[in-house]
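Student: Below is the file entry-v9.txt, with compact mmCIF, C-alpha atoms.
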```
# COMPACT_ATOMS: atom_id res chain seq x y z
CA MET A 1344 39.10 96.52 65.88
CA VAL A 1345 40.06 98.09 62.54
CA GLU A 1346 41.68 101.47 62.83
CA ILE A 1347 40.26 104.38 60.86
CA LYS A 1348 43.43 104.76 58.76
CA ASP A 1349 43.36 101.03 57.90
CA LEU A 1350 39.68 101.29 56.86
CA ALA A 1351 40.54 104.18 54.59
CA LYS A 1352 43.27 102.14 52.98
CA VAL A 1353 40.89 99.22 52.46
CA ASN A 1354 38.36 101.55 50.80
CA ALA A 1355 41.04 103.05 48.60
CA ASP A 1356 42.26 99.63 47.54
CA PHE A 1357 38.69 98.50 46.83
CA GLN A 1358 37.98 101.61 44.77
CA ALA A 1359 41.18 101.16 42.77
CA GLN A 1360 40.33 97.54 42.09
CA LYS A 1361 36.79 98.53 41.04
CA GLU A 1362 38.10 101.15 38.63
CA ARG A 1363 40.55 98.67 37.20
CA VAL A 1364 37.81 96.12 36.62
CA GLU A 1365 35.43 98.65 35.09
CA SER A 1366 38.09 100.05 32.78
CA VAL A 1367 37.80 98.43 29.32
CA ASP A 1368 40.86 98.04 27.13
CA PHE A 1369 40.29 94.62 25.57
CA LYS A 1370 37.38 93.00 23.69
CA ILE A 1371 36.80 89.38 22.77
CA ILE A 1372 34.31 87.58 20.56
CA THR A 1373 32.88 84.73 22.62
CA PHE A 1374 31.69 81.39 21.29
CA SER A 1375 31.17 77.81 22.39
CA LEU A 1376 33.06 74.66 21.53
CA GLY A 1377 32.01 71.30 22.92
CA GLY A 1378 29.75 72.97 25.51
CA LYS A 1379 32.41 75.33 26.94
CA ASP A 1380 32.88 79.07 26.47
CA TYR A 1381 35.85 80.47 24.58
CA GLY A 1382 36.96 83.85 23.31
CA ILE A 1383 39.18 85.37 20.62
CA ASP A 1384 40.72 88.84 20.56
CA ILE A 1385 38.31 90.93 18.48
CA MET A 1386 41.26 92.47 16.66
CA ASN A 1387 41.83 89.10 14.95
CA VAL A 1388 38.20 88.70 13.87
CA LYS A 1389 37.44 89.99 10.37
CA GLU A 1390 33.76 89.06 10.31
CA ILE A 1391 31.11 86.50 11.28
CA ALA A 1392 29.57 84.26 8.61
CA LYS A 1393 27.47 81.16 8.01
CA ALA A 1394 28.10 78.59 5.30
CA ASP A 1395 27.19 75.03 4.42
CA LYS A 1396 29.30 74.17 1.37
CA PHE A 1397 33.06 73.84 1.46
CA THR A 1398 35.21 72.58 -1.41
CA TYR A 1399 36.83 69.34 -0.34
CA VAL A 1400 40.64 69.16 -0.41
CA PRO A 1401 41.95 65.61 -0.75
CA ASN A 1402 44.67 64.38 1.62
CA ALA A 1403 44.12 67.34 3.94
CA ALA A 1404 44.49 67.11 7.70
CA SER A 1405 41.37 65.83 9.41
CA PHE A 1406 40.51 69.22 10.94
CA ILE A 1407 40.56 71.02 7.55
CA ARG A 1408 37.02 71.13 6.23
CA GLY A 1409 38.17 72.41 2.83
CA VAL A 1410 38.29 75.80 1.16
CA TYR A 1411 35.56 78.42 0.83
CA ASN A 1412 34.90 81.22 -1.64
CA LEU A 1413 34.45 84.34 0.49
CA ARG A 1414 33.38 86.97 -2.05
CA GLY A 1415 36.09 85.96 -4.45
CA ASP A 1416 38.80 85.13 -1.89
CA ILE A 1417 39.54 81.43 -1.45
CA ILE A 1418 40.25 80.73 2.23
CA PRO A 1419 41.01 77.52 4.16
CA ILE A 1420 38.36 76.41 6.65
CA ILE A 1421 39.49 74.94 9.99
CA ASP A 1422 37.05 73.16 12.28
CA LEU A 1423 38.25 74.10 15.78
CA ARG A 1424 36.17 71.28 17.25
CA LEU A 1425 38.13 68.73 15.24
CA PHE A 1426 41.40 70.57 15.81
CA PHE A 1427 40.97 70.26 19.59
CA HIS A 1428 39.27 66.82 19.48
CA LEU A 1429 36.06 68.20 21.00
CA PRO A 1430 32.52 66.83 20.53
CA GLN A 1431 30.41 68.43 17.82
CA GLU A 1432 26.88 69.75 18.16
CA LYS A 1433 24.40 68.49 15.58
CA LYS A 1434 22.98 71.28 13.43
CA GLY A 1435 19.50 71.05 11.99
CA ASP A 1436 19.75 73.53 9.09
CA GLY A 1437 23.16 72.45 7.85
CA LEU A 1438 24.66 75.93 8.17
CA GLU A 1439 27.91 76.20 10.09
CA ASN A 1440 28.84 79.14 12.32
CA MET A 1441 32.12 80.65 11.22
CA LEU A 1442 34.51 83.25 12.53
CA ILE A 1443 36.57 84.73 9.71
CA LEU A 1444 40.00 85.52 11.16
CA ARG A 1445 42.81 87.68 9.88
CA ILE A 1446 46.21 86.55 11.14
CA ASP A 1447 49.01 88.77 9.87
CA GLU A 1448 48.16 89.06 6.16
CA ARG A 1449 46.29 85.77 5.90
CA VAL A 1450 42.57 85.02 6.25
CA TYR A 1451 41.13 81.81 7.69
CA GLY A 1452 37.64 80.51 8.39
CA THR A 1453 37.03 78.73 11.69
CA VAL A 1454 33.99 76.58 12.38
CA VAL A 1455 32.55 76.73 15.92
CA ASP A 1456 29.38 75.48 17.61
CA LYS A 1457 27.78 78.81 18.49
CA ILE A 1458 28.83 82.46 18.32
CA ASP A 1459 27.67 84.37 21.38
CA LYS A 1460 28.58 88.06 21.77
CA VAL A 1461 31.29 90.68 22.19
CA VAL A 1462 32.59 90.90 25.75
CA SER A 1463 34.49 93.97 26.97
CA ILE A 1464 37.09 93.39 29.67
CA ASN A 1465 40.17 94.90 31.25
CA SER A 1466 43.33 93.09 30.19
CA SER A 1467 44.61 93.16 33.78
CA THR A 1468 41.80 90.81 34.78
CA VAL A 1469 42.97 88.09 32.37
CA GLN A 1470 44.60 85.29 34.33
CA PRO A 1471 47.39 82.99 33.08
CA PRO A 1472 46.17 79.74 31.51
CA HIS A 1473 45.97 76.54 33.50
CA PRO A 1474 45.15 73.03 32.26
CA ILE A 1475 42.00 72.87 34.39
CA PHE A 1476 40.37 75.65 32.38
CA GLY A 1477 39.87 73.69 29.20
CA ASP A 1478 40.16 70.45 27.31
CA ILE A 1479 42.72 71.84 24.89
CA ASN A 1480 46.48 72.09 24.90
CA ILE A 1481 47.56 74.90 27.21
CA LYS A 1482 49.97 76.29 24.62
CA TYR A 1483 46.98 77.41 22.55
CA ILE A 1484 45.45 79.38 25.46
CA SER A 1485 46.49 83.00 26.06
CA GLY A 1486 44.51 83.32 29.30
CA VAL A 1487 41.19 82.97 31.09
CA VAL A 1488 38.82 85.64 32.31
CA GLU A 1489 35.61 85.78 34.31
CA LYS A 1490 32.88 88.19 33.23
CA GLU A 1491 29.38 88.40 34.67
CA GLY A 1492 29.63 84.91 36.12
CA ASN A 1493 30.94 83.29 32.93
CA LEU A 1494 34.46 81.90 32.58
CA TYR A 1495 35.99 82.34 29.12
CA VAL A 1496 39.06 80.54 27.82
CA ILE A 1497 40.84 82.98 25.47
CA LEU A 1498 42.47 81.21 22.54
CA ASP A 1499 45.80 82.33 21.14
CA VAL A 1500 44.84 82.21 17.46
CA VAL A 1501 48.15 83.72 16.39
CA ARG A 1502 49.94 80.70 17.86
CA ILE A 1503 47.33 78.30 16.47
CA PHE A 1504 47.62 79.55 12.92
CA SER A 1505 51.11 80.94 12.69
CA GLN A 1506 54.11 79.10 11.35
CA ASN A 1507 56.54 76.98 13.27
CA GLU A 1508 59.31 79.34 14.39
CA ASP A 1509 61.94 76.88 13.20
CA ALA A 1510 60.39 76.39 9.75
CA LYS A 1511 62.33 78.18 7.08
CA ASN A 1512 59.42 78.15 4.67
CA LYS A 1513 56.23 80.03 5.55
CA THR A 1514 54.08 76.96 5.08
CA ARG A 1515 50.73 77.02 6.86
CA ILE A 1516 47.67 74.79 7.07
CA PRO A 1517 49.33 71.73 5.49
CA ILE A 1518 47.53 69.36 3.21
CA GLN A 1519 48.46 66.09 4.81
CA GLU A 1520 47.24 64.03 7.70
CA ASN A 1521 48.41 65.78 10.85
CA THR A 1522 47.68 66.44 14.48
CA ALA A 1523 47.07 69.62 16.41
CA ASP A 1524 50.28 69.18 18.39
CA ASN A 1525 52.38 68.80 15.26
CA PHE A 1526 50.59 71.37 13.16
CA VAL A 1527 53.38 72.53 10.82
CA PRO A 1528 55.37 69.76 9.11
CA SER A 1529 58.50 69.96 7.04
CA PRO A 1530 57.93 72.59 4.33
CA SER A 1531 59.48 70.38 1.66
CA SER A 1532 56.94 67.62 2.14
CA VAL A 1533 53.57 69.40 1.87
CA GLN A 1534 51.48 71.85 -0.08
CA THR A 1535 49.20 74.36 1.59
CA VAL A 1536 45.51 74.78 0.98
CA GLU A 1537 46.24 78.33 -0.09
CA GLN A 1538 48.87 77.15 -2.57
CA LYS A 1539 46.42 74.63 -4.05
CA ALA A 1540 43.62 77.19 -4.26
CA SER A 1541 45.70 80.00 -5.75
CA VAL A 1542 45.32 80.91 -9.39
CA THR A 1543 48.63 81.52 -11.17
CA ASP A 1544 48.80 83.19 -14.56
CA THR A 1545 50.91 80.33 -15.90
CA ASP A 1546 48.57 77.53 -14.81
CA ILE A 1547 45.39 79.22 -15.98
CA GLY A 1548 47.12 80.26 -19.18
CA PHE A 1549 47.78 76.62 -20.01
CA ILE A 1550 44.17 75.78 -19.15
CA LYS A 1551 42.89 78.43 -21.55
CA GLU A 1552 45.18 77.24 -24.34
CA SER A 1553 44.10 73.64 -23.81
CA LEU A 1554 40.40 74.55 -23.89
CA MET A 1555 40.94 76.33 -27.18
CA ALA A 1556 42.93 73.45 -28.70
CA LEU A 1557 40.70 70.64 -27.41
CA LYS A 1558 37.20 72.17 -27.50
CA ARG A 1559 37.57 75.47 -29.39
CA PHE A 1560 36.47 77.19 -26.21
CA GLN A 1561 37.82 80.76 -26.15
CA ALA A 1562 38.41 82.07 -22.64
CA GLY A 1563 38.17 85.84 -22.61
CA PRO A 1564 36.20 88.82 -21.25
CA ILE A 1565 32.89 87.12 -22.10
CA ASN A 1566 33.50 84.27 -19.64
CA ASP A 1567 36.67 85.08 -17.65
CA ALA A 1568 34.86 85.23 -14.31
CA TRP A 1569 33.54 81.69 -14.76
CA VAL A 1570 36.87 80.31 -16.05
CA HIS A 1571 38.80 81.70 -13.06
CA GLN A 1572 36.28 80.41 -10.53
CA ARG A 1573 36.17 77.02 -12.24
CA PHE A 1574 39.97 76.81 -12.12
CA ILE A 1575 39.95 77.57 -8.40
CA ASP A 1576 37.43 74.78 -7.81
CA TRP A 1577 39.35 72.49 -10.16
CA SER A 1578 42.70 73.08 -8.44
CA ALA A 1579 41.21 72.65 -4.97
CA THR A 1580 40.21 69.06 -5.74
CA ARG A 1581 43.29 67.91 -7.66
CA PRO A 1582 46.98 67.50 -6.87
CA ALA A 1583 49.18 70.29 -8.22
CA SER A 1584 50.80 67.87 -10.67
CA ASP A 1585 47.43 67.06 -12.25
CA LEU A 1586 45.91 70.48 -12.92
CA GLN A 1587 46.38 70.65 -16.67
CA LEU A 1588 44.02 69.27 -19.32
CA LYS A 1589 45.52 66.29 -21.11
CA ASN A 1590 42.73 65.33 -23.49
CA ALA A 1591 39.20 66.11 -24.65
CA ASN A 1592 37.68 64.22 -21.71
CA ASP A 1593 39.55 66.46 -19.27
CA ALA A 1594 38.34 69.51 -21.18
CA ASP A 1595 34.75 68.25 -21.08
CA GLU A 1596 35.04 67.70 -17.34
CA PHE A 1597 36.46 71.21 -16.85
CA LEU A 1598 33.61 72.73 -18.90
CA ASP A 1599 30.97 70.78 -16.98
CA GLY A 1600 28.62 73.37 -15.54
CA PHE A 1601 29.44 76.07 -18.10
CA TYR A 1602 26.73 75.41 -20.65
CA SER A 1603 23.28 76.95 -20.38
CA PRO A 1604 20.36 74.69 -19.42
CA CYS A 1605 18.76 72.48 -22.07
CA GLU A 1606 21.53 72.69 -24.68
CA GLY A 1607 20.48 70.96 -27.91
CA ILE A 1608 17.03 69.91 -26.64
CA PHE A 1609 13.66 71.50 -26.02
CA TRP A 1610 13.79 73.90 -23.10
CA ASP A 1611 12.12 72.29 -20.10
CA GLU A 1612 9.20 73.88 -18.26
CA GLU A 1613 11.36 75.37 -15.50
CA TYR A 1614 13.83 77.09 -17.82
CA ALA A 1615 11.07 78.21 -20.21
CA ASN A 1616 9.24 79.89 -17.34
CA LEU A 1617 12.45 81.64 -16.27
CA VAL A 1618 12.99 82.97 -19.79
CA LYS A 1619 9.39 84.10 -20.05
CA SER A 1620 9.60 85.89 -16.70
CA VAL A 1621 12.61 88.03 -17.71
CA LEU A 1622 11.23 89.17 -21.07
CA PRO A 1623 10.35 92.89 -20.83
CA ASP A 1624 7.30 94.59 -22.25
CA MET A 1625 7.83 95.43 -25.90
CA PRO A 1626 7.02 98.88 -27.36
CA SER A 1627 5.77 97.34 -30.61
CA ASN A 1628 3.53 94.45 -31.67
CA SER A 1629 6.12 93.46 -34.25
CA ILE A 1630 8.98 91.57 -32.58
CA GLN A 1631 12.13 90.82 -34.57
CA VAL A 1632 14.50 88.17 -33.20
CA TRP A 1633 17.93 86.88 -34.26
CA ASN A 1634 19.03 83.45 -33.07
CA PRO A 1635 22.54 82.81 -34.45
CA GLY A 1636 24.00 79.38 -33.72
CA CYS A 1637 20.54 77.84 -33.45
CA GLY A 1638 21.81 74.27 -34.01
CA LYS A 1639 19.13 71.71 -34.82
CA GLY A 1640 16.34 74.20 -34.10
CA TYR A 1641 15.12 73.05 -30.67
CA GLU A 1642 16.14 76.38 -29.15
CA SER A 1643 14.37 78.39 -31.87
CA PHE A 1644 11.15 76.37 -31.56
CA SER A 1645 11.21 76.65 -27.76
CA PHE A 1646 11.77 80.40 -27.89
CA ALA A 1647 9.06 80.93 -30.51
CA CYS A 1648 6.49 79.23 -28.27
CA ILE A 1649 7.60 81.26 -25.25
CA LEU A 1650 7.39 84.52 -27.23
CA LYS A 1651 3.90 83.64 -28.44
CA LEU A 1652 2.81 82.95 -24.86
CA ARG A 1653 4.44 86.14 -23.56
CA TYR A 1654 3.22 88.37 -26.41
CA PRO A 1655 0.06 86.63 -27.72
CA ASN A 1656 -0.98 89.48 -30.02
CA ALA A 1657 2.45 90.22 -31.45
CA ARG A 1658 3.77 89.42 -34.94
CA ILE A 1659 6.93 87.41 -34.25
CA LYS A 1660 9.75 86.73 -36.68
CA ILE A 1661 12.87 84.75 -35.76
CA TRP A 1662 15.93 84.59 -38.01
CA ALA A 1663 17.49 81.28 -36.93
CA ASN A 1664 21.00 80.78 -38.36
CA ASP A 1665 23.67 78.11 -38.18
CA ASN A 1666 26.82 77.33 -40.17
CA ASP A 1667 26.06 73.58 -40.34
CA ILE A 1668 24.15 73.37 -43.62
CA MET A 1669 22.89 69.81 -43.04
CA VAL A 1670 21.47 70.65 -39.63
CA ILE A 1671 19.85 73.92 -40.67
CA SER A 1672 18.30 72.30 -43.76
CA ASN A 1673 16.53 69.66 -41.68
CA ALA A 1674 15.30 72.01 -38.93
CA PRO A 1675 12.06 73.25 -40.61
CA ASN A 1676 10.83 69.72 -41.34
CA MET A 1677 11.43 68.03 -38.00
CA THR A 1678 8.70 65.81 -36.58
CA PHE A 1679 8.31 64.79 -32.95
CA ASP A 1680 6.65 62.34 -30.61
CA LEU A 1681 4.22 64.33 -28.50
CA GLU A 1682 5.78 62.90 -25.32
CA GLU A 1683 9.13 64.54 -26.09
CA VAL A 1684 7.57 67.99 -26.50
CA PRO A 1685 7.23 70.07 -23.29
CA GLU A 1686 3.76 71.03 -22.15
CA TYR A 1687 4.06 74.74 -22.99
CA CYS A 1688 4.70 73.81 -26.67
CA ARG A 1689 1.90 71.29 -27.12
CA SER A 1690 -0.85 73.81 -27.87
CA PHE A 1691 1.19 74.80 -30.95
CA MET A 1692 1.49 71.21 -32.29
CA VAL A 1693 -0.50 69.47 -35.02
CA SER A 1694 -0.56 65.79 -35.89
CA GLY A 1695 0.89 64.70 -39.22
CA ARG A 1696 1.61 61.49 -41.14
CA ASN A 1697 4.99 60.91 -39.51
CA GLY A 1698 4.35 62.46 -36.11
CA TYR A 1699 3.69 65.86 -34.64
CA THR A 1700 4.94 69.13 -36.11
CA PHE A 1701 4.53 72.74 -35.12
CA ASN A 1702 1.54 74.57 -36.51
CA SER A 1703 1.77 77.36 -39.05
CA THR A 1704 1.79 80.05 -36.37
CA ILE A 1705 5.13 78.80 -35.06
CA LYS A 1706 6.64 77.46 -38.30
CA ASP A 1707 5.90 80.66 -40.22
CA SER A 1708 7.48 82.74 -37.46
CA ILE A 1709 10.91 81.11 -37.90
CA VAL A 1710 13.20 81.52 -40.89
CA PHE A 1711 15.91 78.84 -40.78
CA GLU A 1712 18.92 79.90 -42.88
CA TYR A 1713 22.51 78.85 -43.35
CA HIS A 1714 24.74 81.70 -42.19
CA ASP A 1715 28.22 82.20 -40.74
CA VAL A 1716 27.69 84.63 -37.92
CA LEU A 1717 31.00 86.37 -38.63
CA ASN A 1718 29.83 87.39 -42.11
CA GLU A 1719 27.64 90.41 -42.69
CA ALA A 1720 24.20 89.90 -41.20
CA THR A 1721 21.15 90.70 -43.35
CA VAL A 1722 18.70 90.75 -40.46
CA PRO A 1723 16.60 93.87 -39.81
CA TYR A 1724 16.76 96.04 -36.68
CA LEU A 1725 16.13 93.68 -33.80
CA ASP A 1726 14.18 93.57 -30.55
CA ILE A 1727 15.88 90.43 -29.21
CA ILE A 1728 19.14 88.60 -29.90
CA LEU A 1729 19.26 85.06 -28.49
CA VAL A 1730 22.90 83.96 -28.41
CA ARG A 1731 23.45 81.49 -25.60
CA ASP A 1732 27.03 80.18 -25.28
CA LEU A 1733 27.92 80.99 -28.90
CA LEU A 1734 30.40 83.78 -28.19
CA SER A 1735 32.53 81.55 -25.96
CA PHE A 1736 33.41 79.39 -28.97
CA ILE A 1737 34.53 82.30 -31.14
CA LYS A 1738 38.00 83.87 -31.03
CA THR A 1739 38.34 86.88 -28.77
CA GLN A 1740 38.84 89.35 -31.62
CA ASP A 1741 35.78 87.94 -33.35
CA GLN A 1742 33.78 88.16 -30.12
CA LYS A 1743 34.41 91.90 -30.13
CA LYS A 1744 33.45 92.14 -33.79
CA LEU A 1745 30.22 90.24 -33.21
CA VAL A 1746 29.24 92.32 -30.20
CA GLU A 1747 29.70 95.42 -32.37
CA ILE A 1748 27.38 93.85 -34.96
CA PHE A 1749 24.84 93.20 -32.21
CA LYS A 1750 25.09 96.82 -31.15
CA GLU A 1751 24.44 98.02 -34.70
CA LYS A 1752 21.49 95.71 -35.28
CA LEU A 1753 19.78 96.07 -31.92
CA LYS A 1754 17.09 98.70 -31.31
CA ASN A 1755 17.62 101.09 -28.41
CA THR A 1756 15.04 99.12 -26.41
CA GLY A 1757 16.37 95.74 -27.56
CA ILE A 1758 17.84 93.00 -25.39
CA ILE A 1759 20.49 90.28 -25.69
CA ILE A 1760 20.00 86.91 -23.97
CA MET A 1761 23.42 85.39 -23.22
CA GLY A 1762 24.61 82.03 -21.91
CA GLN A 1763 24.24 81.52 -18.17
CA ASN A 1764 27.99 82.00 -17.54
CA GLU A 1765 28.61 84.77 -20.06
CA THR A 1766 28.59 88.53 -19.65
CA LEU A 1767 29.11 91.75 -21.62
CA ASN A 1768 31.28 94.78 -20.89
CA ASP A 1769 30.33 98.06 -19.22
CA GLU A 1770 28.67 99.36 -22.39
CA TRP A 1771 25.82 97.04 -21.46
CA ARG A 1772 23.73 96.76 -18.33
CA ALA A 1773 22.30 93.53 -16.97
CA ILE A 1774 18.56 93.50 -16.40
CA SER A 1775 18.61 89.82 -15.43
CA LYS A 1776 21.29 87.46 -14.13
CA ALA A 1777 22.05 83.74 -14.44
CA PRO A 1778 20.64 81.35 -15.41
CA VAL A 1779 19.10 83.80 -17.94
CA PRO A 1780 21.43 86.81 -18.25
CA VAL A 1781 19.74 89.60 -20.19
CA PHE A 1782 21.54 92.78 -21.28
CA MET A 1783 20.52 96.17 -22.68
CA ARG A 1784 22.74 98.91 -24.03
CA ASN A 1785 23.63 101.63 -21.55
CA GLU A 1786 21.99 104.88 -22.54
```
In structure tokens, how does this file's structure come out?

Tutor:
Amino acid sequence: MVEIKDLAKVNADFQAQKERVESVDFKIITFSLGGKDYGIDIMNVKEIAKADKFTYVPNAASFIRGVYNLRGDIIPIIDLRLFFHLPQEKKGDGLENMLILRIDERVYGTVVDKIDKVVSINSSTVQPPHPIFGDINIKYISGVVEKEGNLYVILDVVRIFSQNEDAKNKTRIPIQENTADNFVPSPSSVQTVEQKASVTDTDIGFIKESLMALKRFQAGPINDAWVHQRFIDWSATRPASDLQLKNANDADEFLDGFYSPCEGIFWDEEYANLVKSVLPDMPSNSIQVWNPGCGKGYESFSFACILKLRYPNARIKIWANDNDIMVISNAPNMTFDLEEVPEYCRSFMVSGRNGYTFNSTIKDSIVFEYHDVLNEATVPYLDIILVRDLLSFIKTQDQKKLVEIFKEKLKNTGIIIMGQNETLNDEWRAISKAPVPVFMRNE
């Protein structure tokens, strides 16, 4: 028979234990790996994300999926399933579940099977780790806890991602074949993903100089955002000793993806429809356009047809200029096979002795003239300036000069159509983004 004083003690102990369990001083983000439940201290979790495209890093450890651009920050991506040699769930949509972790001052992405919820617990209920609680090395487990009938293995992400205590260099996430139990190798023998993905002023400075020397491409405010992002992608897929541009072929490869769609040819139906869709209503039925750097004339002809379709009752005049006198002289007299002309242009074509040409409505709307864009422009006040990719091949000081000319010549309601990877400064506001960036002056 239990004495009354013993029963009181039992009740007191039970109540104390209940209060301890109900008291919350620790939260974990729970997720699944290989069909089992795990957790991470919420204080180490920066955010939750989904992604499906990682930039491959050659010679990386098998559990490194690559690097990822997280709103401008390049972070290494670790697949915890591969790190712990666990089976992977097949995903139908291709998107991966990611926990973005902050460990000390570094940020990592971790791929998991499924992210569940936030679980609030009392730290006193966390039990020491034991090998039977998971399929992973016990040294990476900080404890286990039961909550509402579920058993969670709490991972020690600080230990997983932090440096080897004996390593003198703070090398992390090595780019070499490795194993989870020997995660940090000799610092003299590897490079880190973060080191490969970082952009140094010296490296990118050499890249810019090489682009100028090899391709006359001028990296500057007009295209700096693209150049920096391209260098990050470039450096993430090449060894550190092979980052620089050695010849014109390297420069062409680096610039792959910079140019606007349909360079030097008729604009295809898709791009033409995009351009047409971003053209604003015009306050006048007389539309004046300047197309410096028009090349052989394909761009000018394409744009003239689009303008006529967008503003069927307007009087359109395009001043199409180029500093290649042979090219600009031949542009008005070009003939075409009908098959090479996109559908939206064909209603403006007429058959001639040597092939098809544009009808008088289109031909009379374009004035092809030899002109160096850096010399004084004789064009009238303009509604539209079409200048795709031209500024990026002009020296920075001349870019500024030309933009000032644009500002002088453009009506208050006028627009500038830039190259898909070009932009203008804060004096201009974007009314459309890539692949057809359109800018108006700020009022």

Student: Counting all atoms listed in the file, what is within 7 Å of Ala1392 in chain A, bar same-chain residues fewer than 4 positions away, as a VMD selection string?

Tutor: chain A and resid 1440 to 1442

Student: Go through A:Pro1623, A:Pro1778, A:Gly1452, A:Pro1604 and flag the residue nearest Ile1421 in chain A, using all atoms listed in the file for the distances.

Tutor: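 Smallest separation from Ile1421 in chain A among the options: A:Gly1452.
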
Student: List every residue of range 1683-1763 of chain A that has an atom at most 10 Å from any atom of range 1768-1772 of chain A, giving for each one its closest atom pair and the distance in Å to one decimal, counting all atoms listed in the file, sorted by chain and then by ascending residue number, as a tab-separated table.

Tutor:
```
residue	atom	partner	partner_atom	distance
A:Val1746	CA	A:Asn1768	CA	9.8
A:Lys1750	CA	A:Trp1771	CA	9.7
A:Ile1758	CA	A:Trp1771	CA	9.8
A:Ile1759	CA	A:Trp1771	CA	9.6
```

Student: Using all atoms listed in the file, determine which residues lie at most 12 Å from Tyr1713 in chain A, disregarding the query and same-chain residues fewer than 3 positions distant; provide the list as a PyMOL selection string.

Tutor: chain A and resi 1634-1639+1662-1674+1710+1716+1718+1720-1721

Student: Just the number, please: distance in Å from CA of Ile1371 in chain A to CA of Ile1446 in chain A, one decimal.

Tutor: 15.2 Å

Student: Please indicate the distance in Å from CA of Val1455 in chain A to CA of Ile1484 in chain A, rounded to one decimal place.

Tutor: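 About the pair CA of Val1455 in chain A and CA of Ile1484 in chain A: they are 16.3 Å apart.
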
Student: Here is a test: counting all atoms listed in the file, which residue of A:Asp1715, A:Glu1612, A:Glu1765, A:Asp1395 is nearest to Asn1566 in chain A?

Tutor: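 For Asn1566 in chain A, the nearest of the given residues is A:Glu1765.
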
Student: Can you work out which one of A:Val1450, A:Leu1557, A:Val1722, A:Val1618 has the shortest atom-to-atom distance to Asn1590 in chain A, counting all atoms listed in the file?

Tutor: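 Closest residue, counting all atoms listed in the file: A:Leu1557.
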
Student: Smallest atom-to-atom distance to Leu1725 in chain A: which of A:Ser1485, A:Thr1468, A:Asn1676, A:Thr1756, using all atoms listed in the file?

Tutor: A:Thr1756

Student: Using all atoms listed in the file, find each residue in range 1576-1685 of chain A having at least one atom no more than 9 Å away from range 1548-1552 of chain A; report its shortest atom-to-atom pair and that distance in Å (one decimal), rows by chain then rising number, as a Markdown table.

Tutor:
```
| residue | atom | partner | partner_atom | distance |
| --- | --- | --- | --- | --- |
| A:Leu1586 | CA | A:Ile1550 | CA | 8.4 |
| A:Gln1587 | CA | A:Ile1550 | CA | 6.1 |
| A:Leu1588 | CA | A:Ile1550 | CA | 6.5 |
| A:Ala1594 | CA | A:Ile1550 | CA | 8.8 |
```

Student: Show me the residues around (38.7, 81.4, 28.9) - criterion: an atom at most 8 Å away, only C-alpha atoms counted - as a ChimeraX atom specification.

Tutor: /A:1380-1382,1476-1477,1484,1486-1489,1494-1498

Student: How many Å lie between CA of Ile1547 in chain A and CA of Ala1562 in chain A, rounded to one decimal?

Tutor: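 Straight-line distance from CA of Ile1547 in chain A to CA of Ala1562 in chain A works out to 10.1 Å.
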
Student: Counting only C-alpha atoms, which of A:Lys1706, A:Lys1389, A:Lys1589, A:His1428 gets nearest to Arg1445 in chain A?

Tutor: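 Looking only at the distances to Arg1445 in chain A, the closest residue turns out to be A:Lys1389.
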
Student: Would you mind listing what lies within 10 Å of Leu1753 in chain A as an NGL selection string, with all atoms listed in the file counted and same-chain residues fewer than 2 positions away left out?

Tutor: :A and (1631-1633 or 1723-1728 or 1747-1751 or 1755-1759 or 1783-1784)

Student: Hey, which of A:Lys1754, A:Arg1559, A:Arg1414, A:Arg1696 ends up closest to Ser1735 in chain A? Count all atoms listed in the file.

Tutor: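 Closest candidate: A:Arg1559.
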
Student: For Phe1701 in chain A, list every protein, DNA or RNA residue within 8 Å, evaluated using only C-alpha atoms, and leave out those in the same chain fewer than 5 positions away; present the list as an MDAnalysis selection string.

Tutor: chainID A and resid 1691:1693 1706
